[in-house]
Structure formats: structure tokens, C-alpha cells
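> I'd like to ask you about the structure that follows.
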Amino acid sequence: MRTKNLLFILLLFATLGVKAQEINSKADKYFYSYAYKEAIAEYKKDLDNRKEISNLQFLNLADAYFNTGDYKNASEIYVDIHRKDSVMSNHRFNKMLQSLAKTSEMERVRAFLKTKSNSLSTELIENATFNFNILESTSVTSDFNIFNLSSNSPQSDFSPAYYKDKLLFSSGRPEKSKEVYGPSGESYLDIYVARIGRDGNVVNPNVFDKMPASKYHKATPFYSNKSKKIYYILSNSEDGQLSFNDKGKNALAIGMVYESGFFAFLLKDLSTSFYYPFFDEVNDRLYFAANFENGYGGTDLYYVSTNNGQIMSQPINLGPRINSPGNEIAPYILDNSLYFSSDIFYGLGGMDVYKSNIRQDKSFSIPINLGSGINTEKDEFGFIIRGDEQLGYSGYFASNRAGGKGGDDIYGFGTRSALGPETVSIRGEVVEPKYQQGIAGATVKLMASDGTIIRELSTKADGKYLIEIPSRDQVVLQITKNRYSSFYQSFSGESLKALQETPLVFEMVSIEEVVTNREEMTVLDVPDFFFSRGSSTVTADVALVLDQVVSALQKFPQIQLQIETHTDSRGGSSTNRALSQRRADAIKKYLVSKGVASLNIISAKGFGEDRIMNNCTNGVYCLDFLHKQNLRTLFIVQNYSDLK
């Protein structure tokens, strides 16, 4: 498929040199030359002649089917190799799931994810679950006005970039100075500039002459308004000839051009290709895609810190929340949102555009597929955007969708609606209060107001959790763990907004932290307190202790409590029994007034002087402090052994 080759023209170019030991047949030679139809014919001929084919060659055949759009045959080979648990990389695992998704076998995709859940990253499973759900909903479309640019050519046009009041883009249209690049059958890529009209259309494209000439690839530009520099990729070459590493591989570098014309390499490695630079002017970070060997799949997104054009750090991978077993390319940041394209299996087509919010701590939210307003079953990539929520947004992207003028065309768009579906994103941490350590394995449920469970998960080893769901006006958050305190609260309006802006830290207390053993019973561990002599009035001092009881029952609402009050032996037995009962009733009344459910208190009983703790019984002289030992109230946890 010609358009597929054009989309990955840069990725293909980066792997032009192939290890000699990988080419063992005529079919291999065709495959590594990107002649996929010819490779399929030769591999099939080898099979018909019962020639032994390695698992790697079978995967090459699957890739050839995949790249020519024969997803049924591709999926059959991928699945067969996957069963053998041999040489299947994460990147090809993604291709297997893509093939199954494109042949309408989504149930098999979900089944594979379930069986591999222990070996796949938590982020990948969460991303897939969320996007499956969001794409199945009706809220995913938006009122995008999309139009094909009049400046598109029959060749590949892609990677738009704003340049002052103009638009830069990459193209494979023929030039006298450019030779034909074999895999695409088009000219080596160059950068063009065109004027943006009032209607957003682009007219009068010409070769952009603000950077050094090259007869090889120049592509994917980005212009920084702040630094007045242009970042772009170019073929590694020296003295007008391509440069290769010791394995015969040519790669793509990132260069930077000042408006004065001064050029400097920023990222250059003959063994690694770099793609789609984007300069974050706020944080002085240069973002890009690269195919480092220690990535998560194909190409991943990275950034390096810079200072006045100088690279100040090693490349930092954006991590598994953004990067996947597929290819991630074309980063673009606007208003703390990262836009990029990925061919991960849970999208609508090949390459889809995603949006991830950048939080205050620089972490990323789950990337959200922008939906059928932008994405199709084909490829969408190189997405750029400007504007705001009040005035609306406009931008450009490339696609090989049906109805275009060439392989990849650039499309303009405008919209007044939010980009991508609205979501609710809640993150937090469950900690043990004494040492402030995270508690793993706590159950976190996000529920609708009627109690229906929307999402349920467990906290990680560090006690942290993240839940993202399609937007709702009201949610209920519940956090529980056996024999620990629980959290239960409804959020809506401003409280829901605040919950999403600031992580919720919940101190989860073990039941053992709030109980003690006393008189061979399990009771709440609260200080002793005393009523005034002969009184059952709840004073301020008594209330301070009873508030601790309220707090314990709020943490453990499943507790069933027996209240027992006791007096000393001074006074008549019947008088003391009546006094202690009034005190028990007063305690229960106070607890209920503070929100404790009556069902939590199964009894409140006064025993008077029936259970003296020492020898200070009737008629025995005792000092006050010994009498005081008998004045006590016990809050007995009747169902302690049954608490979960």
C-alpha cells in the first residue's frame, strides 16, 4: 500500500541498512527493500517448496501482509508465533492486536489483553480500557470543520508547522535538486513554505530556503517564536554523501537553524533516528520521537532539557502512560495538553491523534483518542493547533484518508468545541498515618450516585491510584481494605473540580490502631474521662473524648458498639445504677447528635457499682484515686473478630 509507505517514509529510511545475517533468502531481500508484495510471493514460494522458514521470517511475512493491508493473513501468523512464545516483540504484539482489531475481532483483542495482563504495563491496560470505553460511547465526535488544502500535491504532503503568518510542511513532490528515494518512489523529502489565507487554506507553496541545502531528506520542521529558531530532521551526510554506521545503517538527525542562517546539529547518532522535533518554550525542552532500543515499542516520545540551544540532559522517555508497544510520533503541546499520534491497537485506525493533559507535577493523564471528529480508519498524524476555548480552535494535520489528492495530504480544521471528550481524572494516595507509608492493595471504587460501580482498582505498591472516566456531573469515591478504616464521599460541582486538581491523600488506619484490650474485652482505645460527681451532663472535657469515638466510627462505620458505664461504690447501689444509666444514655445521645448511626450502638447500659475493679466495695475505706479506678466508660467493639 503506497500510502502506508509514505506515512512511515522516515521510519523506513532509518532502517535502510540491514544486518547481513538477517538476509537469508530472496524473500528477505525483497522484505528489507520494502518490496512487500514481492516478498510475500517469495515467502509463499519457499513454503510451497517446503523450504524451512524461521520464526523471524514468518514474522517478516506477517509484517509484509500487515503493510499491504492483508490483516487477516497477518493476524493468523502473529497469533501462531505468539502461541509459541518465541521472538515476539512488544512492537509486533501491537501489530497482532491491530490486525485482529481491523478484522473485527475485538473480543479476541480483549481476551489477549486479559491473558497478558500480568506481563503488560498497568498503564497500557488502563489506557486501553479507557479508550475502548470512550470510543464505544456517543460523546466522542465533535463539530470539526475539516478541509483538504488546495496546496496539496499528488505526492506526500505532511508535517505542518506554524511559521509566523505562514505554514511550513514536508513534501515528497519532485525537485530538480532531489533524487528519487527508492522505498517511496518520490523525491527525497524537502521543507516547503506557503501563505495561510483568511479561510485557513494554504496557497503559493515554495521550497523553504532558510536552511542549508541538502539533496537528501529535510522534513518535519518546527519554528519557535521565542527563540526564532527552526528545528527539523535531516539525513546524516558528510561531503554531500550519506553517512552510515558500521552496520550499514543511515539515520536521521535533528538540526537547528537560526534566522541568520547559522546551523547546528542538536541530536545526531548514526545508529539512532530522531523524528518530529517540538520545542517547549515554557520549559526549554526539546521533544521528539526516536527509536532507541530500550524503548517501549517502535518509536517513543522523549525530551531533552536545553539552555540557549545547548542540550543539557540525556533523552528522557515520557514513560508508559504515553509510550506504548506501537509507534508514537509528532508531539505538540498547547495549554498543558500534549497532542501526539500513535498506532497503538486500541485506536480507530492506523495512526490516531491523542491528547494527554500535563499535570502540575509534570505527570500525564491517560491519552484520549480525539475520536471520529479527527481520526479515521486510516492514518492521522502531525497534528498542530492554536486558539482557546472562548474563540475556538484551528489547526492542521496530515492524513491518507480516502478522497485526498495524494498519498498523505494536509488537512485544515476548525472547531468551537473542546478537543476530545471531557473526562473525570482522579488520583490520590492511601497512606498509613504513623509512618506515612503507602498502603498497597486497598480497593478504590468510583461509583455513580445510585451505587453502580464505574471503575474499580487496587492501589499500587506505593499506595497510589489513578482513575479516569468519561465526564460525569457527580461521582462517589469509596476506599476500603479489610480491617482498615474506609473512605466514602460524594463529589459534584466545585468539590469534583477540586478533587481533580489536587491528589486526595487518605490516611487509612488499621483497626488495631484504634482498639485495645481491657477487662478481657476489645474496646476503643480512648482516654478515660469523668463526669462531675452525681452528674450525667456531657461537659466540654467529656465531649473531647467522645469526639474521638465519633472519629473512630467514621473511620470504621461497620463497628457495632456496646457502651458500658460504671460508678464507684460511694452512694447507694440503686442510685449509682440509675446514674450510670443516665450517663450511658447521655453518651449515646451525644454520639448520635454527631452523626453516629443508631445502628452502630447496639446497647448503652449503666452497671452502677456492680463491677468494682478493686477492693473499694461498700463499707471499705479507700483513697480517692482508688475509687476513681472504678469510674469508667467502656466502648466495646462487639463485632471485632468479624470486621473485614
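Going by the C-alpha cells order, chains are called A, B, ..., each with residues numbered from 1, while ligands are numbered from 1 in the order shown.
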Within segment 115-335 of chain A, find each residue whose DSSP state, derived from the backbone, is helix (DSSP H, G or I), and express the selection as a PyMOL selection string.
chain A and resi 115+122-136+138-140
> Just the residues within 9 Å of segment 67-76 of chain A, please, counting only C-alpha atoms, with nothing from its chain fewer than 2 positions along; format it as a list in words.
Met1, Arg2, Lys4, Asn5, Tyr36, Lys37, Leu59, Leu61, Ala62, Asp63, Ala64, Tyr65, Tyr78, Val79, Asp80, Ile81, Lys95, Met96, Leu97, Gln98, Ser99, Leu100, Lys102 and Thr103 of chain A
> Write the selection just made, keeping C-alpha atoms, as a compact mmCIF listing (two decimals), in the first residue's frame?

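Once written, part.txt looks like this:
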# COMPACT_ATOMS: atom_id res chain seq x y z
CA MET A 1 0.00 0.00 0.00
CA ARG A 2 1.66 3.16 -1.23
CA LYS A 4 1.26 3.31 4.21
CA ASN A 5 4.82 3.51 2.95
CA TYR A 36 6.34 -6.33 0.36
CA LYS A 37 4.21 -7.86 -2.40
CA LEU A 59 7.15 -12.61 11.28
CA LEU A 61 5.83 -12.44 6.19
CA ALA A 62 3.25 -11.27 8.74
CA ASP A 63 4.71 -7.75 8.60
CA ALA A 64 4.55 -7.85 4.79
CA TYR A 65 0.87 -8.83 4.94
CA TYR A 78 1.18 -13.28 14.51
CA VAL A 79 -1.18 -15.35 16.67
CA ASP A 80 0.59 -18.59 15.72
CA ILE A 81 4.00 -17.17 16.61
CA LYS A 95 0.66 -5.34 15.27
CA MET A 96 -1.04 -8.61 16.14
CA LEU A 97 -3.73 -6.80 18.14
CA GLN A 98 -4.04 -4.16 15.41
CA SER A 99 -4.61 -6.91 12.84
CA LEU A 100 -7.26 -8.54 14.99
CA LYS A 102 -9.01 -4.43 11.87
CA THR A 103 -10.66 -7.79 11.16
> Taking only C-alpha atoms into account, name the residue in A:Asn90, A:Thr633, A:Ser536, A:Gln638 that is nearest to Asp585 of chain A.
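For Asp585 of chain A, the nearest of the given residues is A:Ser536.
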> Need the shell around Ile439 of chain A: protein/DNA/RNA residues with any atom at most 7 Å away, counting only C-alpha atoms. Skip same-chain ones fewer than 3 positions apart. Format as a PyMOL selection string?
chain A and resi 430-432+442+461-463
> Between A:Asn148, A:Gln57, A:Asn618, A:Ser117, which one has atoms that come closest to Gly403 of chain A, using only C-alpha atoms?
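Going through A:Asn148, A:Gln57, A:Asn618, A:Ser117 one by one, the smallest distance to Gly403 of chain A is for A:Asn148.
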> When you count only C-alpha atoms, which of these residues is closest to Asn400 of chain A: A:Thr376, A:Ser54, A:Thr537, A:Thr299?
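Looking only at the distances to Asn400 of chain A, the closest residue turns out to be A:Thr376.
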> Using only C-alpha atoms, which of A:Leu301, A:Cys622, A:Ala597, A:Ala540 sits nearest Arg321 of chain A?
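Under the stated criterion, the closest residue is A:Leu301.
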> Can you tell me, as a ChimeraX atom specification, what residues are no more than 8 Å from Asn206 of chain A when counting only C-alpha atoms, ignoring any on the same chain fewer than 6 positions away?
/A:192-194
> Extract, using only C-alpha atoms, all DNA, RNA and protein residues at most 8 Å from segment 250-262 of chain A, discarding same-chain residues fewer than 5 positions from it, and format them as a PyMOL selection string.
chain A and resi 13-17+210-212+228-236+242-245+267-275+277
> For Leu370 of chain A, which residue out of A:Gln558, A:Asn131, A:Asn630, A:Ser150 is the nearest one, using only C-alpha atoms?
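Closest candidate: A:Asn131.
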> Please, which residues of segment 326-516 of chain A, numbered as in this document, come out strand (DSSP E) from DSSP, as a ChimeraX atom specification?
/A:328-334,337-342,352-357,368-369,380-388,392-399,409-415,423-432,437-438,443-447,453-458,464-470,474-480,487-492,504-507,515-516
> Identify, on the basis of only C-alpha atoms, every residue whose closest approach to Val353 of chain A does not exceed 7 Å; exclude the query and any residue fewer than 5 positions from it along the same chain; express the result as a VMD selection string.
chain A and resid 339 to 342 369 to 370 375 380 to 381
> Calculated over only C-alpha atoms, which of the candidates A:Asn145, A:Ser486, A:Asn327, A:Gln581 has the smallest distance to Leu553 of chain A?
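Among the listed residues, A:Ser486 lies closest to Leu553 of chain A.
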> For atom CA of Ser510 of chain A and atom CA of Asn482 of chain A, determine how far apart the two atoms are, in Å to one decimal place.
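Between atom CA of Ser510 of chain A and atom CA of Asn482 of chain A the gap works out to 8.8 Å.
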